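Next comes final.pdb, with PDB, C-alpha atoms, pLDDT in the B column.
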ATOM      1  CA  MET Q   1      -0.243 -15.388  16.301  1.00 38.00           C
ATOM      2  CA  ILE Q   2      -3.552 -14.956  14.456  1.00 43.00           C
ATOM      3  CA  MET Q   3      -4.963 -17.716  12.291  1.00 42.00           C
ATOM      4  CA  ASN Q   4      -7.567 -17.616   9.561  1.00 44.00           C
ATOM      5  CA  GLU Q   5      -9.926 -20.567   9.282  1.00 43.00           C
ATOM      6  CA  LYS Q   6     -11.015 -21.362   5.720  1.00 45.00           C
ATOM      7  CA  ALA Q   7     -12.511 -24.624   4.462  1.00 43.00           C
ATOM      8  CA  GLY Q   8     -11.451 -26.538   7.569  1.00 44.00           C
ATOM      9  CA  LYS Q   9      -7.756 -25.606   7.377  1.00 50.00           C
ATOM     10  CA  MET Q  10      -5.745 -23.173   9.428  1.00 48.00           C
ATOM     11  CA  ARG Q  11      -3.255 -20.860   7.763  1.00 56.00           C
ATOM     12  CA  LYS Q  12      -1.184 -18.432   9.754  1.00 62.00           C
ATOM     13  CA  ILE Q  13      -1.557 -14.989   8.142  1.00 66.00           C
ATOM     14  CA  ILE Q  14      -0.137 -12.558  10.668  1.00 64.00           C
ATOM     15  CA  SER Q  15       1.940 -12.591  13.800  1.00 69.00           C
ATOM     16  CA  ILE Q  16       1.659  -9.823  16.400  1.00 63.00           C
ATOM     17  CA  MET Q  17       4.613  -9.164  18.665  1.00 64.00           C
ATOM     18  CA  GLU Q  18       3.073  -7.325  21.603  1.00 61.00           C
ATOM     19  CA  LYS Q  19       6.431  -6.346  23.164  1.00 64.00           C
ATOM     20  CA  ASN Q  20       7.681  -4.201  20.307  1.00 64.00           C
ATOM     21  CA  LYS Q  21       4.188  -3.567  18.902  1.00 74.00           C
ATOM     22  CA  THR Q  22       5.019  -5.079  15.511  1.00 76.00           C
ATOM     23  CA  ILE Q  23       2.712  -6.956  13.157  1.00 73.00           C
ATOM     24  CA  ARG Q  24       4.341  -9.347  10.667  1.00 77.00           C
ATOM     25  CA  LEU Q  25       2.444 -10.422   7.554  1.00 76.00           C
ATOM     26  CA  LEU Q  26       3.352 -14.001   6.660  1.00 74.00           C
ATOM     27  CA  HIS Q  27       1.408 -14.717   3.459  1.00 83.00           C
ATOM     28  CA  VAL Q  28       1.410 -11.647   1.217  1.00 87.00           C
ATOM     29  CA  LYS Q  29       0.476 -10.670  -2.326  1.00 90.00           C
ATOM     30  CA  HIS Q  30       1.257  -7.187  -3.623  1.00 91.00           C
ATOM     31  CA  ALA Q  31      -0.741  -4.758  -5.785  1.00 89.00           C
ATOM     32  CA  ARG Q  32       1.809  -2.281  -7.152  1.00 90.00           C
ATOM     33  CA  THR Q  33       0.476  -1.323 -10.587  1.00 89.00           C
ATOM     34  CA  PHE Q  34      -2.692   0.613 -11.363  1.00 88.00           C
ATOM     35  CA  GLY Q  35      -4.265  -2.528 -12.845  1.00 85.00           C
ATOM     36  CA  GLU Q  36      -3.426  -4.659  -9.814  1.00 84.00           C
ATOM     37  CA  ARG Q  37      -4.777  -2.003  -7.437  1.00 85.00           C
ATOM     38  CA  PHE Q  38      -7.912  -1.544  -9.557  1.00 83.00           C
ATOM     39  CA  LYS Q  39      -8.705  -5.283  -9.488  1.00 82.00           C
ATOM     40  CA  GLY Q  40      -7.789  -5.795  -5.829  1.00 77.00           C
ATOM     41  CA  LEU Q  41      -9.848  -8.652  -4.435  1.00 81.00           C
ATOM     42  CA  LEU Q  42     -12.666  -8.394  -6.998  1.00 76.00           C
ATOM     43  CA  GLY Q  43     -13.509 -11.884  -8.198  1.00 76.00           C
ATOM     44  CA  VAL Q  44     -11.678 -13.582  -5.330  1.00 81.00           C
ATOM     45  CA  SER Q  45     -13.872 -16.009  -3.397  1.00 82.00           C
ATOM     46  CA  PRO Q  46     -13.769 -16.215   0.403  1.00 80.00           C
ATOM     47  CA  ARG Q  47     -12.158 -19.688   0.128  1.00 82.00           C
ATOM     48  CA  GLU Q  48      -9.308 -18.302  -1.996  1.00 83.00           C
ATOM     49  CA  HIS Q  49      -8.620 -15.304   0.229  1.00 80.00           C
ATOM     50  CA  ASP Q  50      -6.120 -16.673   2.739  1.00 85.00           C
ATOM     51  CA  TYR Q  51      -3.438 -13.992   2.414  1.00 86.00           C
ATOM     52  CA  ALA Q  52      -2.800 -10.300   2.970  1.00 88.00           C
ATOM     53  CA  LEU Q  53      -3.097  -8.107  -0.133  1.00 90.00           C
ATOM     54  CA  VAL Q  54      -0.822  -5.063   0.197  1.00 92.00           C
ATOM     55  CA  PHE Q  55      -1.633  -2.077  -2.031  1.00 90.00           C
ATOM     56  CA  HIS Q  56       1.364   0.179  -2.707  1.00 94.00           C
ATOM     57  CA  MET Q  57       0.061   3.693  -3.375  1.00 94.00           C
ATOM     58  CA  ALA Q  58       1.976   6.171  -5.524  1.00 93.00           C
ATOM     59  CA  GLU Q  59       2.001   8.708  -2.679  1.00 95.00           C
ATOM     60  CA  GLU Q  60       0.837   9.044   0.905  1.00 97.00           C
ATOM     61  CA  SER Q  61      -2.722  10.386   0.802  1.00 96.00           C
ATOM     62  CA  ALA Q  62      -6.043   9.923   2.583  1.00 96.00           C
ATOM     63  CA  LEU Q  63      -8.166  10.336  -0.547  1.00 94.00           C
ATOM     64  CA  GLY Q  64      -5.822   8.207  -2.662  1.00 92.00           C
ATOM     65  CA  ALA Q  65      -6.018   5.406  -0.090  1.00 93.00           C
ATOM     66  CA  SER Q  66      -9.846   5.382  -0.014  1.00 92.00           C
ATOM     67  CA  ILE Q  67     -11.419   2.055  -0.855  1.00 91.00           C
ATOM     68  CA  HIS Q  68     -14.857   0.751  -1.755  1.00 87.00           C
ATOM     69  CA  MET Q  69     -16.440  -2.671  -1.351  1.00 87.00           C
ATOM     70  CA  LEU Q  70     -18.739  -2.560  -4.379  1.00 88.00           C
ATOM     71  CA  PHE Q  71     -19.132  -6.001  -6.018  1.00 86.00           C
ATOM     72  CA  MET Q  72     -17.177  -7.689  -3.214  1.00 83.00           C
ATOM     73  CA  GLN Q  73     -18.271 -11.187  -2.190  1.00 82.00           C
ATOM     74  CA  MET Q  74     -16.970 -11.094   1.373  1.00 89.00           C
ATOM     75  CA  PRO Q  75     -16.225  -8.833   4.333  1.00 92.00           C
ATOM     76  CA  ILE Q  76     -12.558  -7.954   4.993  1.00 91.00           C
ATOM     77  CA  ASP Q  77     -10.342  -6.389   7.634  1.00 92.00           C
ATOM     78  CA  VAL Q  78      -8.318  -3.410   6.379  1.00 93.00           C
ATOM     79  CA  LEU Q  79      -5.235  -1.620   7.704  1.00 94.00           C
ATOM     80  CA  TRP Q  80      -3.953   1.746   6.441  1.00 96.00           C
ATOM     81  CA  LEU Q  81      -0.236   2.449   6.928  1.00 95.00           C
ATOM     82  CA  ASN Q  82       1.907   5.548   6.544  1.00 97.00           C
ATOM     83  CA  GLU Q  83       5.308   5.637   4.784  1.00 96.00           C
ATOM     84  CA  LYS Q  84       6.949   4.220   7.929  1.00 94.00           C
ATOM     85  CA  LYS Q  85       4.520   1.252   7.788  1.00 93.00           C
ATOM     86  CA  GLU Q  86       2.798   2.374  10.984  1.00 92.00           C
ATOM     87  CA  VAL Q  87      -0.947   1.796  11.356  1.00 93.00           C
ATOM     88  CA  VAL Q  88      -2.856   5.079  10.890  1.00 96.00           C
ATOM     89  CA  ASP Q  89      -6.350   3.541  10.627  1.00 96.00           C
ATOM     90  CA  PHE Q  90      -8.120   0.165  10.517  1.00 94.00           C
ATOM     91  CA  ALA Q  91     -11.636  -1.087   9.822  1.00 94.00           C
ATOM     92  CA  ALA Q  92     -13.804  -4.153   9.300  1.00 93.00           C
ATOM     93  CA  LEU Q  93     -15.687  -3.565   6.049  1.00 93.00           C
ATOM     94  CA  LYS Q  94     -18.725  -5.350   4.647  1.00 93.00           C
ATOM     95  CA  PRO Q  95     -19.543  -6.015   0.989  1.00 91.00           C
ATOM     96  CA  TRP Q  96     -21.168  -3.102  -0.830  1.00 91.00           C
ATOM     97  CA  THR Q  97     -19.717  -0.418   1.464  1.00 89.00           C
ATOM     98  CA  PHE Q  98     -19.661   2.587  -0.868  1.00 90.00           C
ATOM     99  CA  ASN Q  99     -16.538   4.324   0.420  1.00 93.00           C
ATOM    100  CA  TYR Q 100     -14.115   4.336   3.329  1.00 94.00           C
ATOM    101  CA  THR Q 101     -11.466   7.041   3.591  1.00 95.00           C
ATOM    102  CA  PRO Q 102      -8.795   6.581   6.276  1.00 96.00           C
ATOM    103  CA  ALA Q 103      -8.595   9.102   9.112  1.00 95.00           C
ATOM    104  CA  LYS Q 104      -5.002   9.996   8.132  1.00 97.00           C
ATOM    105  CA  PRO Q 105      -2.980   9.788   4.900  1.00 98.00           C
ATOM    106  CA  ALA Q 106      -1.720   6.311   3.977  1.00 97.00           C
ATOM    107  CA  LYS Q 107       0.951   4.953   1.642  1.00 97.00           C
ATOM    108  CA  TYR Q 108      -0.116   1.295   2.006  1.00 96.00           C
ATOM    109  CA  VAL Q 109      -3.506  -0.387   2.305  1.00 96.00           C
ATOM    110  CA  VAL Q 110      -3.587  -3.975   3.579  1.00 94.00           C
ATOM    111  CA  GLU Q 111      -6.671  -6.114   2.956  1.00 91.00           C
ATOM    112  CA  LEU Q 112      -7.012  -9.227   5.121  1.00 90.00           C
ATOM    113  CA  PRO Q 113      -9.672 -11.921   5.488  1.00 89.00           C
ATOM    114  CA  ALA Q 114     -12.440 -10.906   7.898  1.00 87.00           C
ATOM    115  CA  ARG Q 115     -11.740 -11.581  11.579  1.00 84.00           C
ATOM    116  CA  THR Q 116      -7.996 -12.054  10.964  1.00 83.00           C
ATOM    117  CA  LEU Q 117      -7.080  -9.188  13.269  1.00 78.00           C
ATOM    118  CA  ASN Q 118      -9.358  -9.945  16.206  1.00 72.00           C
ATOM    119  CA  TRP Q 119      -8.893  -6.202  16.895  1.00 71.00           C
ATOM    120  CA  LYS Q 120      -5.581  -6.501  18.694  1.00 76.00           C
ATOM    121  CA  ILE Q 121      -4.363  -3.738  16.391  1.00 84.00           C
ATOM    122  CA  LYS Q 122      -3.623  -0.254  17.706  1.00 87.00           C
ATOM    123  CA  ILE Q 123      -2.813   2.996  15.935  1.00 91.00           C
ATOM    124  CA  GLY Q 124       0.962   3.390  15.677  1.00 91.00           C
ATOM    125  CA  MET Q 125       1.782  -0.339  15.553  1.00 89.00           C
ATOM    126  CA  LYS Q 126       4.435  -1.149  12.952  1.00 89.00           C
ATOM    127  CA  LEU Q 127       3.841  -3.647  10.140  1.00 88.00           C
ATOM    128  CA  THR Q 128       6.405  -5.788   8.311  1.00 87.00           C
ATOM    129  CA  TRP Q 129       6.231  -8.332   5.509  1.00 83.00           C
ATOM    130  CA  ALA Q 130       8.575 -10.561   3.559  1.00 68.00           C
TER     131      ALA Q 130
END
Here is the file; what I need is its structure written in the form of structure tokens.
Amino acid sequence: MIMNEKAGKMRKIISIMEKNKTIRLLHVKHARTFGERFKGLLGVSPREHDYALVFHMAEESALGASIHMLFMQMPIDVLWLNEKKEVVDFAALKPWTFNYTPAKPAKYVVELPARTLNWKIKIGMKLTWA
């Protein structure tokens, strides 16, 4: 289990089952529309970001799953998943990073608070959410 510490409270965000190599997101918000994906975490303060934001892309693509960190107020951990919800790339990104394109095409992009993952993630791990 991985916890995220914000403002003196602990909130469980993800659970990693090492045996079957599955990651379960516990507190999730979804960005399905163009407007929701465009806004992303812009304007969200570090104290408010205690959840996973899952971007649902129209199609599996490396270029289409590229993200930037312009105007962001905080660093984040990011996972890129294929159609099967398997991790194809991951990164820790800092504010004002111009562009990051995943190594392989992705259908989902998951943005998490910085240091949520503690880098126990491996390529090929499966991700689930409620």
Chain and number of each residue from the PyMOL selection byres ((chain Q and resi 34) around 12), as a ChimeraX atom specification:
/Q:30-33,35-40,55-58,64
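Of the listed residues Q:Ala103, Q:Leu93, Q:Ala62, Q:Val87, the one whose atoms come nearest to Ile121 in chain Q is Q:Val87, with distances taken using only C-alpha atoms.
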Exercise on range 51-70 of chain Q, axis-aligned box with 8 Å per side, report centre and edge lengths in Å to one decimal, as JSON:
{"center_x": -8.4, "center_y": -1.8, "center_z": -1.3, "size_x": 36.7, "size_y": 40.4, "size_z": 24.5}
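For the choices Q:Ile23, Q:Ala65, Q:Leu70, Q:Val54, the atom-to-atom distance to Ala106 in chain Q is smallest for Q:Ala65 when using all atoms listed in the file.
Taking CA of Glu60 in chain Q and CA of Met125 in chain Q as the two end points, the separation is 17.4 Å.
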Which residues come within 12 Å of Gly43 in chain Q, counting all atoms listed in the file, excluding same-chain residues fewer than 6 positions away, as a list in words?
His49, Met69, Leu70, Phe71, Met72, Gln73 and Met74 of chain Q
Determine the residue membership of the PyMOL selection byres ((chain Q and resi 68) around 8) for the file above and supply it as a PyMOL selection string.
chain Q and resi 66-67+69-70+96-100
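Reported to one decimal place, the separation of CA of Leu63 in chain Q from CA of His27 in chain Q is 27.1 Å.
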Atom-to-atom span, CA of Ile76 in chain Q and CA of Ser61 in chain Q, Å
21.2 Å
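Taking all atoms listed in the file into account, Lys29 in chain Q lies nearest to Q:Glu111 out of the set Q:Gly124, Q:Pro95, Q:Thr116, Q:Glu111.
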Spatial neighbours of Trp80 in chain Q, max dist 8 Å, only C-alpha atoms, sep filter under 2 positions, as a PDB file with C-alpha atoms, keeping the file's coordinate frame:
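Done, and the output landed in result.pdb:
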ATOM      1  CA  ALA Q  65      -6.018   5.406  -0.090  1.00 93.00           C
ATOM      2  CA  VAL Q  78      -8.318  -3.410   6.379  1.00 93.00           C
ATOM      3  CA  ASN Q  82       1.907   5.548   6.544  1.00 97.00           C
ATOM      4  CA  VAL Q  87      -0.947   1.796  11.356  1.00 93.00           C
ATOM      5  CA  VAL Q  88      -2.856   5.079  10.890  1.00 96.00           C
ATOM      6  CA  ASP Q  89      -6.350   3.541  10.627  1.00 96.00           C
ATOM      7  CA  PHE Q  90      -8.120   0.165  10.517  1.00 94.00           C
ATOM      8  CA  PRO Q 102      -8.795   6.581   6.276  1.00 96.00           C
ATOM      9  CA  ALA Q 106      -1.720   6.311   3.977  1.00 97.00           C
ATOM     10  CA  LYS Q 107       0.951   4.953   1.642  1.00 97.00           C
ATOM     11  CA  TYR Q 108      -0.116   1.295   2.006  1.00 96.00           C
ATOM     12  CA  VAL Q 109      -3.506  -0.387   2.305  1.00 96.00           C
ATOM     13  CA  VAL Q 110      -3.587  -3.975   3.579  1.00 94.00           C
TER      14      VAL Q 110
END
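For the choices Q:Pro46, Q:Leu41, Q:Leu117, Q:Pro105, the atom-to-atom distance to Lys85 in chain Q is smallest for Q:Pro105 when using only C-alpha atoms.
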Here is a test: counting only C-alpha atoms, which residue of Q:Leu25, Q:Ala114, Q:Leu127, Q:Leu81 is nearest to Lys94 in chain Q?
Q:Ala114
Between Q:Leu112, Q:Thr128, Q:Asn118, Q:Pro75, smallest distance to Leu53 in chain Q by all atoms listed in the file belongs to Q:Leu112
